[in-house]
Each structure stands twice: as C-alpha cells, then as structure tokens.
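A.B. asks: Below you will find the structure I want to go over with you.
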Amino acid sequence: MAKKEKFYVVWEGHRPGIYMKWDDCKAAVKNYAGAKYKSFESFDEAKKAYNGNYEDFKGRSKKKTALTPEQIAKIGEPNLYSIAVDAASSGNPGKMEYRGVDAQTGKQLFHQGPFDQGTNNVGEFLALVHGLAYLKQNKSDRIIYSDSKIAIGWVKKKQCKTKLKRTSRNAKLFQLVDRAIKWLKENDYKTTIVKWETKAWGEIPADFGRK
C-alpha cells in the first residue's frame, strides 16, 4: 500500500513554508527554538493553514470538518459588488504571481508576475494593496475580499513582515513591496477589507485553480 501523501506547514522555523517531505520540514525546524509546524492531508488545507495563524491550527484535527447548514446560513452570502484578490506560488519561495478580479463577472482587473522568487504571503499582501489602490484610483465604493488573514493583518499594520531575504533574484519584487508599504503610509482609503469565507463559499473568485 502506497504511503499517504502529507504536506507540512512551517509557520516559524529556519525557512517558513509548505513542504511535501518530512525531511525537508525537519531541516526547516531542527534546532529552532519555538518552531511552529504541523502536517496536513492536502495542499489545500496546508495553504489555508499557512495563510492563517498557527494558534488556530495547532490543536485541530487533521480531518476536514464541513460547515453545517446553520453555520453557512449564519455567515451568509458573499457581496458580489466587490473585487477579489489572490496569489499563487510554485514553492515557498518560488515563482509567484497575483491578481485581482471582479467578483461578480470573474473579469481580471490586474495581474502581476510571475516573479522568480517570492512567497504566497508576499503575493497576497501585494494583491491586496494593489486592489486598494485600484479601487481608490477608480473612485469605487466596492469592498475587497482576500482569503489571507496574514495579508489582511499586514495591510492593517502597514507593513510586510515576510522572512524572505532580499536577493538579486527578488529585487523587483521587493521594489513592489516597498512601494506598497509607502502607498499604505501615504494614502487613506475607505474600502472595506473582508475575509473570504472559503469553507462556506468555496475558492475565492481570484483563485488560480492550481490545487
């Protein structure tokens, strides 16, 4: 019987990211004080966990728990008078791109990348800031959706707390990061940022469909 595939999320370690091999995960956390990591049964679960907070997942069962009809009803339906943003990374770090779409029509409004060396969190952050700038420039009163708690938190704090080190390979990416932080510090916006409820609504409209 073939060994069941697992995906390992490292929130805090020598190299945070998502790993497909335990040996790689082990190397990323070995001798790292306070390392935070956990295994998941699918890449989809791992991605959601990596975009979330370790405290929300450390004691959670690995089995996927579906929402009840009552829970879904309580959450309600998404507001389609909005735009949605998302990022995709082939490896963490790896080739990364991000985009924003009209949540109602699915029309792509903007797209950046791929960048040679980036992370999903950085992409989610840039996508959200790009979306805020796009809506302000177009004087739109639409809301914006992101499925990344980390990106939303970074935007609210006007900082990008990535652990990705600057290199010649990601220089252009970090130029965008610096511009995004500068924009957040110099601009006010009235746009409401909302967390996309993936468990209730499915994948965010801007998802790249690579799962």
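Here's how to read the names in the structure tokens: chain A, B, ... by the order shown, residue numbers from 1 in each chain, ligand numbers from 1 in the order shown.
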What's around segment 192-205 of chain A at 6 Å? Count only C-alpha atoms, leave out sequence neighbours fewer than 4 positions away in its own chain, and write the answer as a list in words.

C.D. replies: Ile72, Ala103, Ile143, Ile144, Tyr145, Ser146 and Asp147 of chain A

A.B. asks: Let's have the selection written as a compact mmCIF listing (two decimals), in the first residue's frame, with N, CA and C atoms.

C.D. replies:
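Saved result, selection-v7.txt, follows:
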```
# COMPACT_ATOMS: atom_id res chain seq x y z
N ILE A 72 -23.30 27.92 7.76
CA ILE A 72 -23.25 28.59 6.45
C ILE A 72 -24.29 29.70 6.38
N ALA A 103 -15.50 40.27 -8.67
CA ALA A 103 -16.08 39.09 -8.01
C ALA A 103 -17.36 38.60 -8.68
N ILE A 143 -16.26 46.75 -2.01
CA ILE A 143 -15.42 46.18 -0.97
C ILE A 143 -14.39 45.27 -1.63
N ILE A 144 -13.41 44.80 -0.86
CA ILE A 144 -12.38 43.93 -1.40
C ILE A 144 -12.26 42.67 -0.54
N TYR A 145 -12.18 41.52 -1.19
CA TYR A 145 -12.05 40.24 -0.49
C TYR A 145 -10.64 39.68 -0.64
N SER A 146 -10.14 39.09 0.45
CA SER A 146 -8.89 38.34 0.45
C SER A 146 -9.12 37.11 1.32
N ASP A 147 -8.49 35.98 0.94
CA ASP A 147 -8.64 34.78 1.78
C ASP A 147 -7.43 34.60 2.70
```

A.B. asks: If I take atom CA of Val29 of chain A and atom CA of Val10 of chain A, how far is one from the other in Å, to one decimal?

C.D. replies: 7.6 Å

A.B. asks: What is the atom CA of Ala84 of chain A to atom CA of Gln137 of chain A distance in Å?

C.D. replies: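 About the pair atom CA of Ala84 of chain A and atom CA of Gln137 of chain A: they are 16.4 Å apart.
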
A.B. asks: Which residue out of A:Asn121, A:Phe110, A:Leu128, A:Gly94 has the minimum interatomic distance to Arg169 of chain A when only C-alpha atoms are used?

C.D. replies: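 With only C-alpha atoms as the atom set, the closest residue is A:Gly94.
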
A.B. asks: Of the candidates A:Ile83, A:Met96, A:Val9, A:Ala151, which one gets nearest to Asp44 of chain A if we count only C-alpha atoms?

C.D. replies: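 With only C-alpha atoms as the atom set, the closest residue is A:Val9.
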
A.B. asks: Hey, which of A:Lys26, A:Glu45, A:Phe115, A:Ser90 ends up closest to Gln175 of chain A? Count only C-alpha atoms.

C.D. replies: A:Phe115

A.B. asks: Near Gly13 of chain A, counting only C-alpha atoms, which residues have an atom at most 12 Å away, once you skip same-chain residues fewer than 5 positions from it, shown as a list in words?

C.D. replies: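 Residues meeting the cut-off are Ile18, Asp24, Cys25, Lys26, Ala27, Ala28, Val29, Lys30, Asn31, Tyr32, Ala33, Gly34, Ala35, Lys36, Tyr37, Lys38 and Lys163 of chain A.
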
A.B. asks: Kindly save the residues from that selection, with N, CA, C and O atoms included, as a PDB file, in the first residue's frame.

C.D. replies:
```
ATOM      1  N   ILE A  18       5.717  25.619   2.941  1.00  0.00           N
ATOM      2  CA  ILE A  18       4.961  24.370   2.839  1.00  0.00           C
ATOM      3  C   ILE A  18       5.877  23.332   2.199  1.00  0.00           C
ATOM      4  O   ILE A  18       6.453  23.577   1.131  1.00  0.00           O
ATOM      5  N   ASP A  24      12.506  17.555   4.687  1.00  0.00           N
ATOM      6  CA  ASP A  24      12.655  18.984   4.401  1.00  0.00           C
ATOM      7  C   ASP A  24      12.077  19.833   5.524  1.00  0.00           C
ATOM      8  O   ASP A  24      12.647  20.851   5.921  1.00  0.00           O
ATOM      9  N   CYS A  25      10.914  19.384   6.022  1.00  0.00           N
ATOM     10  CA  CYS A  25      10.283  20.092   7.144  1.00  0.00           C
ATOM     11  C   CYS A  25      11.180  20.026   8.376  1.00  0.00           C
ATOM     12  O   CYS A  25      11.381  21.025   9.072  1.00  0.00           O
ATOM     13  N   LYS A  26      11.708  18.825   8.626  1.00  0.00           N
ATOM     14  CA  LYS A  26      12.571  18.623   9.791  1.00  0.00           C
ATOM     15  C   LYS A  26      13.786  19.537   9.749  1.00  0.00           C
ATOM     16  O   LYS A  26      14.175  20.143  10.755  1.00  0.00           O
ATOM     17  N   ALA A  27      14.379  19.662   8.554  1.00  0.00           N
ATOM     18  CA  ALA A  27      15.541  20.532   8.399  1.00  0.00           C
ATOM     19  C   ALA A  27      15.185  21.995   8.639  1.00  0.00           C
ATOM     20  O   ALA A  27      16.001  22.782   9.112  1.00  0.00           O
ATOM     21  N   ALA A  28      13.938  22.345   8.317  1.00  0.00           N
ATOM     22  CA  ALA A  28      13.491  23.736   8.460  1.00  0.00           C
ATOM     23  C   ALA A  28      13.218  24.122   9.914  1.00  0.00           C
ATOM     24  O   ALA A  28      13.164  25.312  10.236  1.00  0.00           O
ATOM     25  N   VAL A  29      13.020  23.128  10.791  1.00  0.00           N
ATOM     26  CA  VAL A  29      12.671  23.442  12.181  1.00  0.00           C
ATOM     27  C   VAL A  29      13.700  22.939  13.204  1.00  0.00           C
ATOM     28  O   VAL A  29      13.657  23.329  14.370  1.00  0.00           O
ATOM     29  N   LYS A  30      14.621  22.069  12.761  1.00  0.00           N
ATOM     30  CA  LYS A  30      15.596  21.484  13.686  1.00  0.00           C
ATOM     31  C   LYS A  30      16.441  22.560  14.358  1.00  0.00           C
ATOM     32  O   LYS A  30      16.952  23.467  13.703  1.00  0.00           O
ATOM     33  N   ASN A  31      16.539  22.466  15.678  1.00  0.00           N
ATOM     34  CA  ASN A  31      17.333  23.395  16.493  1.00  0.00           C
ATOM     35  C   ASN A  31      16.838  24.838  16.412  1.00  0.00           C
ATOM     36  O   ASN A  31      17.598  25.780  16.664  1.00  0.00           O
ATOM     37  N   TYR A  32      15.569  24.995  16.032  1.00  0.00           N
ATOM     38  CA  TYR A  32      14.978  26.341  16.002  1.00  0.00           C
ATOM     39  C   TYR A  32      14.072  26.469  17.232  1.00  0.00           C
ATOM     40  O   TYR A  32      13.054  25.775  17.339  1.00  0.00           O
ATOM     41  N   ALA A  33      14.427  27.338  18.147  1.00  0.00           N
ATOM     42  CA  ALA A  33      13.656  27.494  19.386  1.00  0.00           C
ATOM     43  C   ALA A  33      12.257  28.025  19.089  1.00  0.00           C
ATOM     44  O   ALA A  33      12.107  29.033  18.409  1.00  0.00           O
ATOM     45  N   GLY A  34      11.240  27.318  19.587  1.00  0.00           N
ATOM     46  CA  GLY A  34       9.866  27.767  19.396  1.00  0.00           C
ATOM     47  C   GLY A  34       9.319  27.526  18.005  1.00  0.00           C
ATOM     48  O   GLY A  34       8.403  28.227  17.570  1.00  0.00           O
ATOM     49  N   ALA A  35       9.869  26.548  17.304  1.00  0.00           N
ATOM     50  CA  ALA A  35       9.388  26.251  15.948  1.00  0.00           C
ATOM     51  C   ALA A  35       7.902  25.902  15.962  1.00  0.00           C
ATOM     52  O   ALA A  35       7.411  25.249  16.885  1.00  0.00           O
ATOM     53  N   LYS A  36       7.199  26.339  14.932  1.00  0.00           N
ATOM     54  CA  LYS A  36       5.759  26.073  14.835  1.00  0.00           C
ATOM     55  C   LYS A  36       5.492  25.390  13.499  1.00  0.00           C
ATOM     56  O   LYS A  36       5.715  25.974  12.441  1.00  0.00           O
ATOM     57  N   TYR A  37       5.026  24.148  13.555  1.00  0.00           N
ATOM     58  CA  TYR A  37       4.794  23.383  12.330  1.00  0.00           C
ATOM     59  C   TYR A  37       3.736  22.321  12.566  1.00  0.00           C
ATOM     60  O   TYR A  37       3.432  21.950  13.709  1.00  0.00           O
ATOM     61  N   LYS A  38       3.159  21.815  11.480  1.00  0.00           N
ATOM     62  CA  LYS A  38       2.096  20.821  11.576  1.00  0.00           C
ATOM     63  C   LYS A  38       1.887  20.186  10.203  1.00  0.00           C
ATOM     64  O   LYS A  38       2.115  20.822   9.173  1.00  0.00           O
ATOM     65  N   LYS A 163       9.672  36.885   5.956  1.00  0.00           N
ATOM     66  CA  LYS A 163      11.010  36.460   6.344  1.00  0.00           C
ATOM     67  C   LYS A 163      11.867  36.156   5.115  1.00  0.00           C
ATOM     68  O   LYS A 163      13.004  35.706   5.239  1.00  0.00           O
TER      69      LYS A 163
END
```

A.B. asks: How far is it from atom CA of Phe174 of chain A to atom CA of Gln159 of chain A, in Å with one decimal?

C.D. replies: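 So the answer is 12.5 Å.
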
A.B. asks: Using DSSP secondary structure from the backbone, list all helix (DSSP H, G or I) positions within segment 116-205 of chain A, as an NGL selection string.

C.D. replies: :A and (120-137 or 149-157 or 171-186 or 198-201)

A.B. asks: Export C-alpha atoms of the chosen residues as a JSON list (two decimals), in the first residue's frame?

C.D. replies:
```
[["chain", "number", "residue", "atom", "x", "y", "z"],
["A", 120, "ASN", "CA", 2.43, 33.28, -1.28],
["A", 121, "ASN", "CA", 2.11, 35.67, 1.68],
["A", 122, "VAL", "CA", 4.02, 38.42, -0.11],
["A", 123, "GLY", "CA", 1.84, 37.91, -3.17],
["A", 124, "GLU", "CA", -1.35, 38.08, -1.11],
["A", 125, "PHE", "CA", -0.10, 41.30, 0.52],
["A", 126, "LEU", "CA", 0.79, 42.93, -2.80],
["A", 127, "ALA", "CA", -2.52, 41.84, -4.34],
["A", 128, "LEU", "CA", -4.47, 43.43, -1.52],
["A", 129, "VAL", "CA", -2.58, 46.73, -1.65],
["A", 130, "HIS", "CA", -2.86, 46.78, -5.45],
["A", 131, "GLY", "CA", -6.60, 46.22, -5.08],
["A", 132, "LEU", "CA", -6.95, 49.07, -2.59],
["A", 133, "ALA", "CA", -5.03, 51.41, -4.90],
["A", 134, "TYR", "CA", -7.09, 50.27, -7.89],
["A", 135, "LEU", "CA", -10.39, 50.97, -6.12],
["A", 136, "LYS", "CA", -9.22, 54.37, -4.87],
["A", 137, "GLN", "CA", -7.94, 55.39, -8.30],
["A", 149, "LYS", "CA", -5.57, 36.54, 7.30],
["A", 150, "ILE", "CA", -1.85, 37.25, 7.23],
["A", 151, "ALA", "CA", -2.08, 39.68, 4.30],
["A", 152, "ILE", "CA", -5.05, 41.46, 5.85],
["A", 153, "GLY", "CA", -3.11, 41.82, 9.09],
["A", 154, "TRP", "CA", -0.03, 43.15, 7.33],
["A", 155, "VAL", "CA", -2.07, 45.70, 5.40],
["A", 156, "LYS", "CA", -3.81, 46.95, 8.54],
["A", 157, "LYS", "CA", -0.41, 47.35, 10.23],
["A", 171, "ALA", "CA", 14.92, 42.74, -6.22],
["A", 172, "LYS", "CA", 11.99, 43.71, -8.47],
["A", 173, "LEU", "CA", 9.56, 42.01, -6.10],
["A", 174, "PHE", "CA", 10.87, 43.94, -3.12],
["A", 175, "GLN", "CA", 10.64, 47.17, -5.10],
["A", 176, "LEU", "CA", 6.90, 46.50, -5.29],
["A", 177, "VAL", "CA", 6.81, 45.64, -1.59],
["A", 178, "ASP", "CA", 8.50, 48.94, -0.71],
["A", 179, "ARG", "CA", 6.09, 50.82, -2.99],
["A", 180, "ALA", "CA", 3.12, 49.08, -1.39],
["A", 181, "ILE", "CA", 4.24, 49.97, 2.12],
["A", 182, "LYS", "CA", 4.87, 53.58, 1.03],
["A", 183, "TRP", "CA", 1.39, 53.72, -0.51],
["A", 184, "LEU", "CA", -0.23, 52.45, 2.69],
["A", 185, "LYS", "CA", 1.58, 55.04, 4.78],
["A", 186, "GLU", "CA", 0.78, 57.94, 2.46],
["A", 198, "THR", "CA", -13.65, 29.68, 1.77],
["A", 199, "LYS", "CA", -15.34, 26.94, 3.82],
["A", 200, "ALA", "CA", -18.76, 28.45, 3.15],
["A", 201, "TRP", "CA", -18.33, 29.89, -0.35]]
```

A.B. asks: Smallest atom-to-atom distance to Gln104 of chain A: which of A:Pro69, A:Gly91, A:Gly118, A:Pro78, using only C-alpha atoms?

C.D. replies: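 Among the listed residues, A:Pro78 lies closest to Gln104 of chain A.
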
A.B. asks: Which residues are close to Ala49 of chain A, i.e. within 9 Å by only C-alpha atoms, leaving aside same-chain residues fewer than 5 positions away? Reply as a PDB file with all heavy atoms, in the first residue's frame.

C.D. replies:
```pdb
ATOM      1  N   VAL A   9       3.417  22.226   7.069  1.00  0.00           N
ATOM      2  CA  VAL A   9       3.435  23.689   7.147  1.00  0.00           C
ATOM      3  C   VAL A   9       4.383  24.120   8.261  1.00  0.00           C
ATOM      4  O   VAL A   9       4.302  23.625   9.377  1.00  0.00           O
ATOM      5  CB  VAL A   9       2.024  24.246   7.432  1.00  0.00           C
ATOM      6  CG1 VAL A   9       2.094  25.756   7.678  1.00  0.00           C
ATOM      7  CG2 VAL A   9       1.092  23.943   6.279  1.00  0.00           C
ATOM      8  N   TRP A  11       5.267  27.482  10.123  1.00  0.00           N
ATOM      9  CA  TRP A  11       4.960  28.901  10.335  1.00  0.00           C
ATOM     10  C   TRP A  11       6.207  29.646  10.831  1.00  0.00           C
ATOM     11  O   TRP A  11       6.484  30.751  10.399  1.00  0.00           O
ATOM     12  CB  TRP A  11       3.841  29.069  11.353  1.00  0.00           C
ATOM     13  CG  TRP A  11       2.477  28.718  10.894  1.00  0.00           C
ATOM     14  CD1 TRP A  11       1.574  29.530  10.258  1.00  0.00           C
ATOM     15  CD2 TRP A  11       1.824  27.443  11.031  1.00  0.00           C
ATOM     16  NE1 TRP A  11       0.425  28.845  10.005  1.00  0.00           N
ATOM     17  CE2 TRP A  11       0.528  27.570  10.470  1.00  0.00           C
ATOM     18  CE3 TRP A  11       2.193  26.224  11.589  1.00  0.00           C
ATOM     19  CZ2 TRP A  11      -0.381  26.514  10.447  1.00  0.00           C
ATOM     20  CZ3 TRP A  11       1.289  25.160  11.566  1.00  0.00           C
ATOM     21  CH2 TRP A  11       0.022  25.316  10.998  1.00  0.00           C
ATOM     22  N   PHE A  40      -0.568  18.236   7.232  1.00  0.00           N
ATOM     23  CA  PHE A  40      -1.938  18.261   6.729  1.00  0.00           C
ATOM     24  C   PHE A  40      -2.082  17.221   5.618  1.00  0.00           C
ATOM     25  O   PHE A  40      -1.106  16.796   5.003  1.00  0.00           O
ATOM     26  CB  PHE A  40      -2.293  19.664   6.217  1.00  0.00           C
ATOM     27  CG  PHE A  40      -2.342  20.701   7.305  1.00  0.00           C
ATOM     28  CD1 PHE A  40      -1.190  21.360   7.698  1.00  0.00           C
ATOM     29  CD2 PHE A  40      -3.525  20.994   7.961  1.00  0.00           C
ATOM     30  CE1 PHE A  40      -1.210  22.298   8.716  1.00  0.00           C
ATOM     31  CE2 PHE A  40      -3.568  21.934   8.974  1.00  0.00           C
ATOM     32  CZ  PHE A  40      -2.414  22.585   9.359  1.00  0.00           C
ATOM     33  N   ASP A  44      -4.387  21.969  -0.211  1.00  0.00           N
ATOM     34  CA  ASP A  44      -5.397  22.991   0.023  1.00  0.00           C
ATOM     35  C   ASP A  44      -5.467  23.339   1.508  1.00  0.00           C
ATOM     36  O   ASP A  44      -5.489  24.505   1.896  1.00  0.00           O
ATOM     37  CB  ASP A  44      -6.760  22.496  -0.476  1.00  0.00           C
ATOM     38  CG  ASP A  44      -7.794  23.613  -0.497  1.00  0.00           C
ATOM     39  OD1 ASP A  44      -7.401  24.781  -0.632  1.00  0.00           O
ATOM     40  OD2 ASP A  44      -8.994  23.315  -0.368  1.00  0.00           O
ATOM     41  N   TYR A  54      -0.963  29.966  13.408  1.00  0.00           N
ATOM     42  CA  TYR A  54      -0.606  28.671  13.989  1.00  0.00           C
ATOM     43  C   TYR A  54      -1.542  28.298  15.141  1.00  0.00           C
ATOM     44  O   TYR A  54      -1.961  27.151  15.272  1.00  0.00           O
ATOM     45  CB  TYR A  54       0.835  28.717  14.485  1.00  0.00           C
ATOM     46  CG  TYR A  54       1.235  27.531  15.334  1.00  0.00           C
ATOM     47  CD1 TYR A  54       1.414  26.273  14.758  1.00  0.00           C
ATOM     48  CD2 TYR A  54       1.434  27.658  16.709  1.00  0.00           C
ATOM     49  CE1 TYR A  54       1.777  25.175  15.527  1.00  0.00           C
ATOM     50  CE2 TYR A  54       1.801  26.574  17.485  1.00  0.00           C
ATOM     51  CZ  TYR A  54       1.976  25.334  16.890  1.00  0.00           C
ATOM     52  OH  TYR A  54       2.328  24.259  17.653  1.00  0.00           O
ATOM     53  N   ASP A  56      -4.543  28.769  15.544  1.00  0.00           N
ATOM     54  CA  ASP A  56      -5.857  28.292  15.095  1.00  0.00           C
ATOM     55  C   ASP A  56      -5.804  26.858  14.590  1.00  0.00           C
ATOM     56  O   ASP A  56      -6.839  26.222  14.404  1.00  0.00           O
ATOM     57  CB  ASP A  56      -6.389  29.184  13.964  1.00  0.00           C
ATOM     58  CG  ASP A  56      -6.672  30.594  14.432  1.00  0.00           C
ATOM     59  OD1 ASP A  56      -6.954  30.767  15.633  1.00  0.00           O
ATOM     60  OD2 ASP A  56      -6.609  31.525  13.609  1.00  0.00           O
ATOM     61  N   PHE A  57      -4.596  26.331  14.375  1.00  0.00           N
ATOM     62  CA  PHE A  57      -4.471  25.011  13.773  1.00  0.00           C
ATOM     63  C   PHE A  57      -3.720  23.995  14.623  1.00  0.00           C
ATOM     64  O   PHE A  57      -3.816  22.800  14.373  1.00  0.00           O
ATOM     65  CB  PHE A  57      -3.767  25.115  12.410  1.00  0.00           C
ATOM     66  CG  PHE A  57      -4.576  25.798  11.358  1.00  0.00           C
ATOM     67  CD1 PHE A  57      -4.491  27.167  11.185  1.00  0.00           C
ATOM     68  CD2 PHE A  57      -5.443  25.091  10.548  1.00  0.00           C
ATOM     69  CE1 PHE A  57      -5.241  27.812  10.212  1.00  0.00           C
ATOM     70  CE2 PHE A  57      -6.195  25.723   9.573  1.00  0.00           C
ATOM     71  CZ  PHE A  57      -6.096  27.079   9.414  1.00  0.00           C
TER      72      PHE A  57
END
```

A.B. asks: How would you write, as an NGL selection string, the set of residues in segment 44-190 of chain A that DSSP gives as strand (DSSP E)?

C.D. replies: :A and (82-91 or 94-102 or 108-118 or 143-146)

A.B. asks: Export C-alpha atoms of the chosen residues as a short mmCIF file (atom, residue, chain, number, x, y, z; two decimals), in the first residue's frame?

C.D. replies:
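Listed below is the output, selection_8.cif:
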```
data_model
loop_
_atom_site.label_atom_id
_atom_site.label_comp_id
_atom_site.auth_asym_id
_atom_site.auth_seq_id
_atom_site.Cartn_x
_atom_site.Cartn_y
_atom_site.Cartn_z
CA SER A 82 -16.66 43.69 -4.85
CA ILE A 83 -13.29 42.69 -6.16
CA ALA A 84 -11.34 39.65 -5.02
CA VAL A 85 -7.57 39.19 -4.88
CA ASP A 86 -5.35 36.14 -4.61
CA ALA A 87 -1.79 34.92 -5.20
CA ALA A 88 -0.20 31.66 -6.30
CA SER A 89 3.28 30.43 -5.57
CA SER A 90 5.05 27.38 -7.03
CA GLY A 91 7.12 26.67 -3.96
CA GLY A 94 9.25 30.05 -5.76
CA LYS A 95 7.67 31.58 -8.84
CA MET A 96 4.81 33.77 -7.65
CA GLU A 97 2.09 35.85 -9.26
CA TYR A 98 -1.00 37.68 -8.06
CA ARG A 99 -4.17 39.17 -9.49
CA GLY A 100 -7.46 40.89 -8.80
CA VAL A 101 -10.80 40.11 -10.42
CA ASP A 102 -14.35 41.42 -10.48
CA GLN A 108 -9.39 40.05 -14.44
CA LEU A 109 -8.73 43.64 -13.39
CA PHE A 110 -4.98 43.45 -12.80
CA HIS A 111 -2.20 40.88 -12.77
CA GLN A 112 1.47 40.94 -11.80
CA GLY A 113 4.14 38.29 -12.26
CA PRO A 114 5.34 35.73 -12.31
CA PHE A 115 8.27 36.79 -10.15
CA ASP A 116 11.22 34.40 -9.98
CA GLN A 117 11.44 34.26 -6.21
CA GLY A 118 8.51 35.12 -4.00
CA ILE A 143 -15.42 46.18 -0.97
CA ILE A 144 -12.38 43.93 -1.40
CA TYR A 145 -12.05 40.24 -0.49
CA SER A 146 -8.89 38.34 0.45
#
```

A.B. asks: From the list A:Gly17, A:Pro93, A:Gly209, A:Gly106, which residue is nearest Asn51 of chain A when using only C-alpha atoms?

C.D. replies: A:Gly17
